[in-house]
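What's in final_21.tsv: TSV, C-alpha atoms
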chain	number	residue	atom	x	y	z
Y	16	MET	CA	126.43	-87.21	-233.09
Y	17	PRO	CA	122.66	-87.43	-233.12
Y	18	ALA	CA	121.02	-89.37	-235.90
Y	19	TYR	CA	119.56	-86.23	-237.40
Y	20	THR	CA	122.91	-84.65	-238.22
Y	21	ASP	CA	122.73	-85.69	-241.89
Y	22	ASN	CA	119.47	-83.85	-242.28
Y	23	ARG	CA	120.44	-80.89	-240.12
Y	24	ASP	CA	120.03	-78.31	-242.89
Y	25	ALA	CA	116.60	-79.61	-243.83
Y	26	HIS	CA	115.56	-79.49	-240.14
Y	27	LEU	CA	116.85	-75.93	-239.75
Y	28	ARG	CA	114.97	-74.78	-242.86
Y	29	ARG	CA	111.83	-76.37	-241.46
Y	30	LEU	CA	112.25	-74.72	-238.06
Y	31	ARG	CA	112.89	-71.32	-239.68
Y	32	ARG	CA	109.62	-71.75	-241.60
Y	33	ILE	CA	107.83	-72.48	-238.30
Y	34	GLU	CA	109.48	-69.42	-236.73
Y	35	GLY	CA	108.09	-67.43	-239.69
Y	36	GLN	CA	104.62	-68.83	-238.98
Y	37	VAL	CA	104.86	-67.74	-235.33
Y	38	ARG	CA	106.02	-64.26	-236.38
Y	39	GLY	CA	103.10	-64.20	-238.83
Y	40	LEU	CA	100.80	-64.88	-235.86
Y	41	GLN	CA	102.24	-61.86	-234.04
Y	42	ARG	CA	101.58	-59.70	-237.10
Y	43	MET	CA	98.00	-60.98	-237.31
Y	44	VAL	CA	97.37	-60.20	-233.63
Y	45	SER	CA	98.94	-56.71	-233.96
Y	46	GLU	CA	96.70	-55.98	-236.93
Y	47	ASP	CA	93.52	-57.20	-235.20
Y	48	VAL	CA	92.94	-59.98	-237.72
Y	49	TYR	CA	89.74	-61.97	-237.13
Y	50	CYS	CA	90.16	-64.63	-234.37
Y	51	ILE	CA	89.12	-67.55	-236.54
Y	52	ASP	CA	91.79	-66.70	-239.12
Y	53	VAL	CA	94.40	-66.48	-236.35
Y	54	LEU	CA	93.26	-69.90	-235.08
Y	55	THR	CA	93.60	-71.45	-238.56
Y	56	GLN	CA	97.20	-70.26	-238.65
Y	57	VAL	CA	97.84	-71.62	-235.11
Y	58	SER	CA	96.60	-75.04	-236.26
Y	59	ALA	CA	98.97	-74.90	-239.23
Y	60	ALA	CA	101.96	-74.06	-236.99
Y	61	THR	CA	101.03	-76.82	-234.52
Y	62	ARG	CA	100.82	-79.36	-237.32
Y	63	ALA	CA	104.19	-78.21	-238.70
Y	64	LEU	CA	105.79	-78.69	-235.25
Y	65	GLN	CA	104.26	-82.16	-234.99
Y	66	SER	CA	105.54	-83.18	-238.42
Y	67	PHE	CA	109.00	-81.99	-237.43
Y	68	ALA	CA	108.78	-84.05	-234.22
Y	69	LEU	CA	107.63	-87.17	-236.09
Y	70	GLU	CA	110.47	-86.82	-238.58
Y	71	LEU	CA	113.07	-86.38	-235.82
Y	72	LEU	CA	111.66	-89.30	-233.86
Y	73	SER	CA	111.74	-91.55	-236.90
Y	74	GLU	CA	115.40	-90.70	-237.55
Y	75	HIS	CA	116.21	-91.22	-233.87
Y	76	MET	CA	114.66	-94.68	-233.93
Y	77	SER	CA	116.38	-95.76	-237.17
Y	78	GLY	CA	119.66	-94.44	-235.81
Y	79	CYS	CA	120.17	-94.48	-232.03
Y	80	VAL	CA	117.55	-97.08	-231.17
Y	81	VAL	CA	118.57	-99.61	-233.82
Y	82	ASP	CA	122.29	-99.06	-233.02
Y	83	ALA	CA	121.70	-99.54	-229.30
Y	84	ALA	CA	119.71	-102.72	-229.93
Y	85	ARG	CA	122.55	-104.05	-232.09
Y	86	THR	CA	124.99	-103.32	-229.25
Y	87	GLY	CA	122.98	-105.32	-226.72
Y	88	GLN	CA	119.49	-106.32	-225.62
Y	89	GLN	CA	119.62	-104.10	-222.53
Y	90	GLU	CA	120.99	-101.10	-224.39
Y	91	GLY	CA	118.18	-101.50	-226.94
Y	92	GLU	CA	115.52	-101.69	-224.28
Y	93	ALA	CA	116.86	-98.62	-222.45
Y	94	LYS	CA	116.69	-96.54	-225.65
Y	95	VAL	CA	113.21	-97.88	-226.41
Y	96	ARG	CA	111.98	-96.88	-222.96
Y	97	GLU	CA	113.32	-93.38	-223.45
Y	98	ALA	CA	111.76	-93.11	-226.92
Y	99	ALA	CA	108.42	-94.42	-225.62
Y	100	GLU	CA	108.33	-91.62	-223.04
Y	101	ALA	CA	109.03	-89.02	-225.70
Y	102	ILE	CA	106.22	-90.50	-227.85
Y	103	ALA	CA	103.81	-90.32	-224.90
Y	104	ARG	CA	104.65	-86.62	-224.46
Y	105	LEU	CA	103.96	-86.02	-228.17
Y	106	VAL	CA	100.68	-87.93	-228.21
Y	107	ARG	CA	99.47	-86.07	-225.11
Y	108	SER	CA	100.61	-82.62	-226.27
W	26	MET	CA	87.65	-55.21	-233.51
W	27	PRO	CA	88.26	-58.82	-232.53
W	28	ALA	CA	87.41	-59.90	-229.00
W	29	TYR	CA	91.05	-60.40	-228.16
W	30	THR	CA	92.01	-56.76	-228.59
W	31	ASP	CA	91.91	-56.09	-224.83
W	32	ASN	CA	94.46	-58.77	-224.24
W	33	ARG	CA	96.55	-58.01	-227.28
W	34	ASP	CA	99.72	-57.25	-225.33
W	35	ALA	CA	99.46	-60.45	-223.31
W	36	HIS	CA	98.94	-62.42	-226.54
W	37	LEU	CA	101.94	-60.79	-228.20
W	38	ARG	CA	104.15	-61.55	-225.20
W	39	ARG	CA	103.00	-65.15	-225.33
W	40	LEU	CA	103.71	-65.46	-229.05
W	41	ARG	CA	107.15	-63.89	-228.64
W	42	ARG	CA	107.90	-66.52	-225.99
W	43	ILE	CA	106.83	-69.26	-228.45
W	44	GLU	CA	109.02	-67.67	-231.13
W	45	GLY	CA	111.87	-67.89	-228.61
W	46	GLN	CA	111.13	-71.58	-228.08
W	47	VAL	CA	111.28	-72.20	-231.85
W	48	ARG	CA	114.58	-70.30	-232.09
W	49	GLY	CA	115.81	-72.39	-229.15
W	50	LEU	CA	114.98	-75.48	-231.21
W	51	GLN	CA	117.12	-74.19	-234.07
W	52	ARG	CA	120.03	-73.64	-231.69
W	53	MET	CA	119.61	-77.16	-230.30
W	54	VAL	CA	119.64	-78.69	-233.79
W	55	SER	CA	122.69	-76.59	-234.82
W	56	GLU	CA	124.56	-77.77	-231.75
W	57	ASP	CA	123.68	-81.47	-232.27
W	58	VAL	CA	121.74	-81.71	-229.02
W	59	TYR	CA	120.41	-85.20	-228.28
W	60	CYS	CA	117.15	-85.96	-230.20
W	61	ILE	CA	115.10	-86.78	-227.14
W	62	ASP	CA	115.92	-83.40	-225.59
W	63	VAL	CA	114.93	-81.67	-228.82
W	64	LEU	CA	111.64	-83.61	-228.80
W	65	THR	CA	110.90	-82.54	-225.21
W	66	GLN	CA	111.27	-78.91	-226.28
W	67	VAL	CA	109.04	-79.50	-229.35
W	68	SER	CA	106.31	-80.87	-227.05
W	69	ALA	CA	106.62	-77.77	-224.86
W	70	ALA	CA	106.27	-75.44	-227.87
W	71	THR	CA	103.28	-77.40	-229.19
W	72	ARG	CA	101.56	-77.20	-225.83
W	73	ALA	CA	102.25	-73.45	-225.64
W	74	LEU	CA	100.67	-72.96	-229.09
W	75	GLN	CA	97.63	-74.99	-228.03
W	76	SER	CA	97.19	-72.98	-224.83
W	77	PHE	CA	97.34	-69.79	-226.87
W	78	ALA	CA	94.70	-71.18	-229.24
W	79	LEU	CA	92.42	-72.22	-226.38
W	80	GLU	CA	92.70	-68.77	-224.79
W	81	LEU	CA	91.94	-67.01	-228.07
W	82	LEU	CA	89.03	-69.31	-228.78
W	83	SER	CA	87.58	-68.73	-225.35
W	84	GLU	CA	87.74	-64.95	-225.80
W	85	HIS	CA	86.23	-65.28	-229.26
W	86	MET	CA	83.28	-67.24	-227.90
W	87	SER	CA	82.65	-64.87	-224.96
W	88	GLY	CA	82.89	-61.94	-227.35
W	89	CYS	CA	81.87	-62.50	-230.98
W	90	VAL	CA	79.76	-65.61	-230.48
W	91	VAL	CA	77.75	-64.26	-227.53
W	92	ASP	CA	77.29	-60.89	-229.28
W	93	ALA	CA	76.11	-62.56	-232.48
W	94	ALA	CA	73.66	-64.74	-230.55
W	95	ARG	CA	72.28	-61.65	-228.82
W	96	THR	CA	71.80	-59.99	-232.24
W	97	GLY	CA	69.78	-62.92	-233.58
W	98	GLN	CA	69.30	-66.70	-233.52
W	99	GLN	CA	70.66	-67.08	-237.06
W	100	GLU	CA	73.64	-64.81	-236.47
W	101	GLY	CA	74.47	-66.83	-233.35
W	102	GLU	CA	74.24	-70.12	-235.17
W	103	ALA	CA	76.44	-68.91	-238.02
W	104	LYS	CA	79.18	-67.87	-235.58
W	105	VAL	CA	78.83	-71.15	-233.68
W	106	ARG	CA	79.24	-73.15	-236.90
W	107	GLU	CA	82.39	-71.21	-237.74
W	108	ALA	CA	83.79	-71.70	-234.21
W	109	ALA	CA	82.95	-75.43	-234.29
W	110	GLU	CA	85.02	-75.83	-237.47
W	111	ALA	CA	87.97	-74.05	-235.85
W	112	ILE	CA	87.65	-76.32	-232.80
W	113	ALA	CA	87.66	-79.41	-235.03
W	114	ARG	CA	90.88	-78.19	-236.67
W	115	LEU	CA	92.47	-77.72	-233.22
W	116	VAL	CA	91.36	-81.12	-231.91
W	117	ARG	CA	92.67	-82.83	-235.02
W	118	SER	CA	95.98	-80.96	-235.17
D	19	MET	CA	66.45	-81.45	-222.52
D	20	PRO	CA	69.97	-81.36	-223.92
D	21	ALA	CA	70.44	-79.95	-227.39
D	22	TYR	CA	71.37	-83.36	-228.75
D	23	THR	CA	67.98	-84.95	-228.04
D	24	ASP	CA	66.82	-84.54	-231.66
D	25	ASN	CA	69.77	-86.54	-232.85
D	26	ARG	CA	69.74	-89.04	-230.02
D	27	ASP	CA	69.21	-92.07	-232.27
D	28	ALA	CA	72.05	-91.08	-234.57
D	29	HIS	CA	74.32	-90.59	-231.54
D	30	LEU	CA	73.38	-93.98	-230.10
D	31	ARG	CA	74.08	-95.71	-233.42
D	32	ARG	CA	77.44	-93.99	-233.53
D	33	LEU	CA	78.32	-95.04	-229.98
D	34	ARG	CA	77.25	-98.63	-230.65
D	35	ARG	CA	79.60	-98.65	-233.63
D	36	ILE	CA	82.43	-97.42	-231.37
D	37	GLU	CA	81.54	-100.11	-228.82
D	38	GLY	CA	81.85	-102.61	-231.69
D	39	GLN	CA	85.31	-101.22	-232.51
D	40	VAL	CA	86.42	-101.68	-228.88
D	41	ARG	CA	85.06	-105.24	-228.85
D	42	GLY	CA	86.92	-105.80	-232.13
D	43	LEU	CA	90.10	-104.70	-230.33
D	44	GLN	CA	89.50	-107.33	-227.62
D	45	ARG	CA	89.08	-110.01	-230.29
D	46	MET	CA	92.32	-108.89	-231.97
D	47	VAL	CA	94.25	-109.04	-228.68
D	48	SER	CA	92.75	-112.48	-227.84
D	49	GLU	CA	93.82	-113.79	-231.24
D	50	ASP	CA	97.38	-112.39	-230.99
D	51	VAL	CA	96.93	-110.10	-233.98
D	52	TYR	CA	100.08	-108.16	-234.92
D	53	CYS	CA	100.58	-105.05	-232.68
D	54	ILE	CA	100.70	-102.57	-235.55
D	55	ASP	CA	97.31	-103.77	-236.82
D	56	VAL	CA	95.87	-103.41	-233.32
D	57	LEU	CA	97.29	-99.87	-233.14
D	58	THR	CA	95.69	-98.94	-236.47
D	59	GLN	CA	92.32	-99.99	-235.07
D	60	VAL	CA	92.93	-98.03	-231.84
D	61	SER	CA	93.59	-94.90	-233.92
D	62	ALA	CA	90.31	-95.47	-235.78
D	63	ALA	CA	88.34	-95.83	-232.53
D	64	THR	CA	90.00	-92.71	-231.06
D	65	ARG	CA	89.12	-90.69	-234.15
D	66	ALA	CA	85.52	-91.96	-234.01
D	67	LEU	CA	85.22	-90.85	-230.37
D	68	GLN	CA	86.63	-87.44	-231.25
D	69	SER	CA	84.20	-86.99	-234.14
D	70	PHE	CA	81.35	-87.87	-231.81
D	71	ALA	CA	82.62	-85.30	-229.28
D	72	LEU	CA	82.95	-82.59	-231.94
D	73	GLU	CA	79.41	-83.26	-233.18
D	74	LEU	CA	77.97	-83.14	-229.65
D	75	LEU	CA	79.89	-79.98	-228.83
D	76	SER	CA	78.67	-78.29	-231.98
D	77	GLU	CA	75.04	-79.12	-231.14
D	78	HIS	CA	75.58	-77.94	-227.57
D	79	MET	CA	76.90	-74.59	-228.76
D	80	SER	CA	74.10	-74.05	-231.33
D	81	GLY	CA	71.56	-75.00	-228.68
D	82	CYS	CA	72.44	-74.30	-225.03
D	83	VAL	CA	75.10	-71.66	-225.61
D	84	VAL	CA	73.13	-69.60	-228.12
D	85	ASP	CA	69.97	-69.88	-225.97
D	86	ALA	CA	71.82	-68.80	-222.85
D	87	ALA	CA	73.35	-65.83	-224.67
D	88	ARG	CA	69.89	-64.82	-225.89
D	89	THR	CA	68.63	-64.97	-222.29
D	90	GLY	CA	71.35	-62.64	-221.03
D	91	GLN	CA	74.98	-61.56	-221.42
D	92	GLN	CA	76.02	-63.22	-218.14
D	93	GLU	CA	74.15	-66.45	-218.87
D	94	GLY	CA	75.87	-66.59	-222.26
D	95	GLU	CA	79.30	-66.02	-220.80
D	96	ALA	CA	78.80	-68.68	-218.11
D	97	LYS	CA	77.88	-71.28	-220.75
D	98	VAL	CA	80.81	-70.21	-222.92
D	99	ARG	CA	83.23	-70.64	-220.01
D	100	GLU	CA	81.90	-74.12	-219.38
D	101	ALA	CA	82.15	-75.04	-223.08
D	102	ALA	CA	85.68	-73.62	-223.30
D	103	GLU	CA	86.78	-75.93	-220.47
D	104	ALA	CA	85.26	-78.94	-222.24
D	105	ILE	CA	87.07	-77.94	-225.44
D	106	ALA	CA	90.38	-77.68	-223.57
D	107	ARG	CA	89.87	-81.21	-222.22
D	108	LEU	CA	89.20	-82.47	-225.77
D	109	VAL	CA	92.20	-80.71	-227.30
D	110	ARG	CA	94.49	-82.05	-224.57
D	111	SER	CA	93.13	-85.61	-224.64
F	15	MET	CA	103.50	-114.27	-231.14
F	16	PRO	CA	103.19	-110.53	-230.64
F	17	ALA	CA	105.22	-108.90	-227.87
F	18	TYR	CA	102.08	-108.14	-225.90
F	19	THR	CA	101.13	-111.78	-225.34
F	20	ASP	CA	102.57	-111.81	-221.80
F	21	ASN	CA	100.32	-108.95	-220.83
F	22	ARG	CA	97.31	-110.15	-222.75
F	23	ASP	CA	95.06	-110.47	-219.71
F	24	ALA	CA	95.93	-106.98	-218.49
F	25	HIS	CA	95.20	-105.60	-221.99
F	26	LEU	CA	91.87	-107.38	-222.18
F	27	ARG	CA	90.84	-106.04	-218.75
F	28	ARG	CA	91.77	-102.56	-219.90
F	29	LEU	CA	89.78	-102.87	-223.13
F	30	ARG	CA	86.76	-104.22	-221.26
F	31	ARG	CA	86.92	-101.16	-219.01
F	32	ILE	CA	86.96	-98.92	-222.12
F	33	GLU	CA	84.01	-100.88	-223.55
F	34	GLY	CA	82.23	-100.15	-220.25
F	35	GLN	CA	82.98	-96.45	-220.66
F	36	VAL	CA	81.50	-96.46	-224.17
F	37	ARG	CA	78.41	-98.28	-222.90
F	38	GLY	CA	78.21	-95.68	-220.12
F	39	LEU	CA	78.16	-93.01	-222.84
F	40	GLN	CA	75.17	-94.71	-224.49
F	41	ARG	CA	73.33	-94.76	-221.18
F	42	MET	CA	74.09	-91.06	-220.65
F	43	VAL	CA	72.79	-90.16	-224.12
F	44	SER	CA	69.65	-92.31	-223.61
F	45	GLU	CA	68.95	-90.55	-220.33
F	46	ASP	CA	69.47	-87.04	-221.77
F	47	VAL	CA	72.43	-86.30	-219.51
F	48	TYR	CA	73.81	-82.76	-219.90
F	49	CYS	CA	76.15	-82.46	-222.95
F	50	ILE	CA	79.14	-81.17	-221.00
F	51	ASP	CA	79.03	-84.22	-218.70
F	52	VAL	CA	78.86	-86.51	-221.73
F	53	LEU	CA	81.88	-84.70	-223.21
F	54	THR	CA	83.88	-85.16	-219.99
F	55	GLN	CA	83.27	-88.90	-220.22
F	56	VAL	CA	84.26	-88.92	-223.93
F	57	SER	CA	87.57	-87.26	-223.02
F	58	ALA	CA	88.15	-89.94	-220.36
F	59	ALA	CA	87.49	-92.77	-222.85
F	60	THR	CA	89.75	-91.15	-225.46
F	61	ARG	CA	92.58	-90.82	-222.94
F	62	ALA	CA	92.11	-94.46	-221.88
F	63	LEU	CA	92.38	-95.59	-225.53
F	64	GLN	CA	95.53	-93.51	-225.97
F	65	SER	CA	97.14	-94.96	-222.84
F	66	PHE	CA	96.37	-98.45	-224.12
F	67	ALA	CA	97.96	-97.56	-227.48
F	68	LEU	CA	101.08	-96.13	-225.83
F	69	GLU	CA	101.48	-99.23	-223.69
F	70	LEU	CA	101.08	-101.56	-226.67
F	71	LEU	CA	103.49	-99.50	-228.74
F	72	SER	CA	106.08	-99.53	-226.00
F	73	GLU	CA	105.88	-103.35	-225.72
F	74	HIS	CA	106.05	-103.65	-229.50
F	75	MET	CA	109.23	-101.59	-229.61
F	76	SER	CA	110.94	-103.44	-226.72
F	77	GLY	CA	109.97	-106.73	-228.34
F	78	CYS	CA	109.61	-106.82	-232.13
F	79	VAL	CA	111.67	-103.75	-232.96
F	80	VAL	CA	114.63	-104.62	-230.73
F	81	ASP	CA	114.54	-108.26	-231.92
F	82	ALA	CA	114.46	-107.22	-235.57
F	83	ALA	CA	117.36	-104.81	-235.04
F	84	ARG	CA	119.36	-107.61	-233.41
F	85	THR	CA	118.65	-109.84	-236.42
F	86	GLY	CA	120.00	-107.27	-238.88
F	87	GLN	CA	120.32	-103.55	-239.66
F	88	GLN	CA	117.79	-103.73	-242.48
F	89	GLU	CA	115.29	-105.78	-240.48
F	90	GLY	CA	115.56	-103.21	-237.67
F	91	GLU	CA	115.03	-100.28	-239.98
F	92	ALA	CA	112.00	-101.89	-241.62
F	93	LYS	CA	110.33	-102.41	-238.22
F	94	VAL	CA	111.22	-98.86	-237.18
F	95	ARG	CA	109.63	-97.44	-240.33
F	96	GLU	CA	106.46	-99.39	-239.65
F	97	ALA	CA	106.39	-98.26	-236.00
F	98	ALA	CA	107.03	-94.63	-237.01
F	99	GLU	CA	103.95	-94.71	-239.27
F	100	ALA	CA	101.83	-96.10	-236.42
F	101	ILE	CA	103.12	-93.34	-234.13
F	102	ALA	CA	102.23	-90.68	-236.71
F	103	ARG	CA	98.67	-92.07	-236.87
F	104	LEU	CA	98.44	-91.90	-233.06
F	105	VAL	CA	99.82	-88.36	-232.81
F	106	ARG	CA	97.42	-87.15	-235.51
F	107	SER	CA	94.36	-88.96	-234.14
The structure given in the file should be rewritten as structure tokens.
Amino acid sequence: MPAYTDNRDAHLRRLRRIEGQVRGLQRMVSEDVYCIDVLTQVSAATRALQSFALELLSEHMSGCVVDAARTGQQEGEAKVREAAEAIARLVRS
Amino acid sequence: MPAYTDNRDAHLRRLRRIEGQVRGLQRMVSEDVYCIDVLTQVSAATRALQSFALELLSEHMSGCVVDAARTGQQEGEAKVREAAEAIARLVRS
Amino acid sequence: MPAYTDNRDAHLRRLRRIEGQVRGLQRMVSEDVYCIDVLTQVSAATRALQSFALELLSEHMSGCVVDAARTGQQEGEAKVREAAEAIARLVRS
Amino acid sequence: MPAYTDNRDAHLRRLRRIEGQVRGLQRMVSEDVYCIDVLTQVSAATRALQSFALELLSEHMSGCVVDAARTGQQEGEAKVREAAEAIARLVRS
């Protein structure tokens, strides 16, 4: 089971809030709300997605990465490499 | 009417696709999908939101900002200041 | 002359400070400073570069973009397109 | 010694190249180069700083974080927490 399972309900609540933000964006666009106000809301949704990603990543590292390292040097390094690639995708997105 | 009105349907389709991505994230979390795969999907949703923002901003500048500048120097500068603040929020989010 | 010419001295001071931050990073790496402290300084230098970019962009839009729009609709839109591409590069970097 | 010591020379070369990019920016501003071209170079320097950070972070995790985890669960989690905060600063900068 992934490391985030303990916090699954908190994650789902968070994602439902983000889904609400994206639906709010659709409403704003349908109602011809001023571009700048739409953009402010897009920035808020982007930041919420990033916070979710950082939280998930942190749990993954405390869980899977630490466990793998405790199993063996190689296992640890393999998990670190995988996490480092995910971090690069986040930093560049 | 905001500058994006002509492309409203395209924007709404785009936002519905992003909403689908966020619902996909909820499904992944409910089904205990591996963290790294969840993170890959978060990066994709973040990039989709950013592309939407860049598109909207570009239309806003070609429309509202250019129109305001053609009305008067001061009007143009006021709209530019407002757009610059929105850009700063995007770059920092 | 580019729109930033009036503020050229302020920009140069800012860039020299950023150069100092990058030289500081070299000193830290030479002296085997702890990775996390190096990373904190990298984040500071990145943010300083982004603030410089946002300032320059804002001056460019108040100057060149507004002027071009006041010259003609097409001229304005061409400058906006060019600025929008620069903004996309900033947001994605 | 930090995990990056083996690659110290490569890191220093990389940082000197970034210093050169920042000095190039000063030259561009002194010579009144067109704003958009300055901005393109700022984006390149920002991306180079981020790549350096990602590389350093990846070495830190393969080295210090894995070592700490192999020493003990608590040691591993402390290093992960510290790394997660550095990652959050990078993602938000």
Checklist entry - Could you write out as a VMD selection string the residues of chain F within 9 Å of chain D, counting all atoms listed in the file? => result chain F and resid 15 to 19 22 to 23 25 to 26 29 to 30 32 to 34 36 to 37 39 to 41 43 to 44 46 to 54 56 to 61 63 to 64 66 to 67 70 to 71 73 to 74 96 to 97 100 to 101 103 to 104 106 to 107
Checklist outcome for this item: In Å and to one decimal, CA of Asp81 (chain F) is distant from CA of Ser65 (chain F) by 23.7 Å
Polymer residues at most 8 Å from Arg88 (chain D), all atoms listed in the file, same-chain spacing of 6 or more positions, as a compact mmCIF listing (two decimals) with C-alpha atoms, in the coordinates of the input:
# COMPACT_ATOMS: atom_id res chain seq x y z
CA ALA W 94 73.66 -64.74 -230.55
CA ARG W 95 72.28 -61.65 -228.82
CA GLY W 97 69.78 -62.92 -233.58
CA GLN W 98 69.30 -66.70 -233.52
CA GLY D 94 75.87 -66.59 -222.26
How big is the axis-aligned box around all listed atoms of region 66-80 of chain Y once 4 Å goes on each side, and where's its centre, in Å to one decimal, as JSON?
{"center_x": 112.9, "center_y": -89.5, "center_z": -234.9, "size_x": 22.6, "size_y": 23.1, "size_z": 15.4}
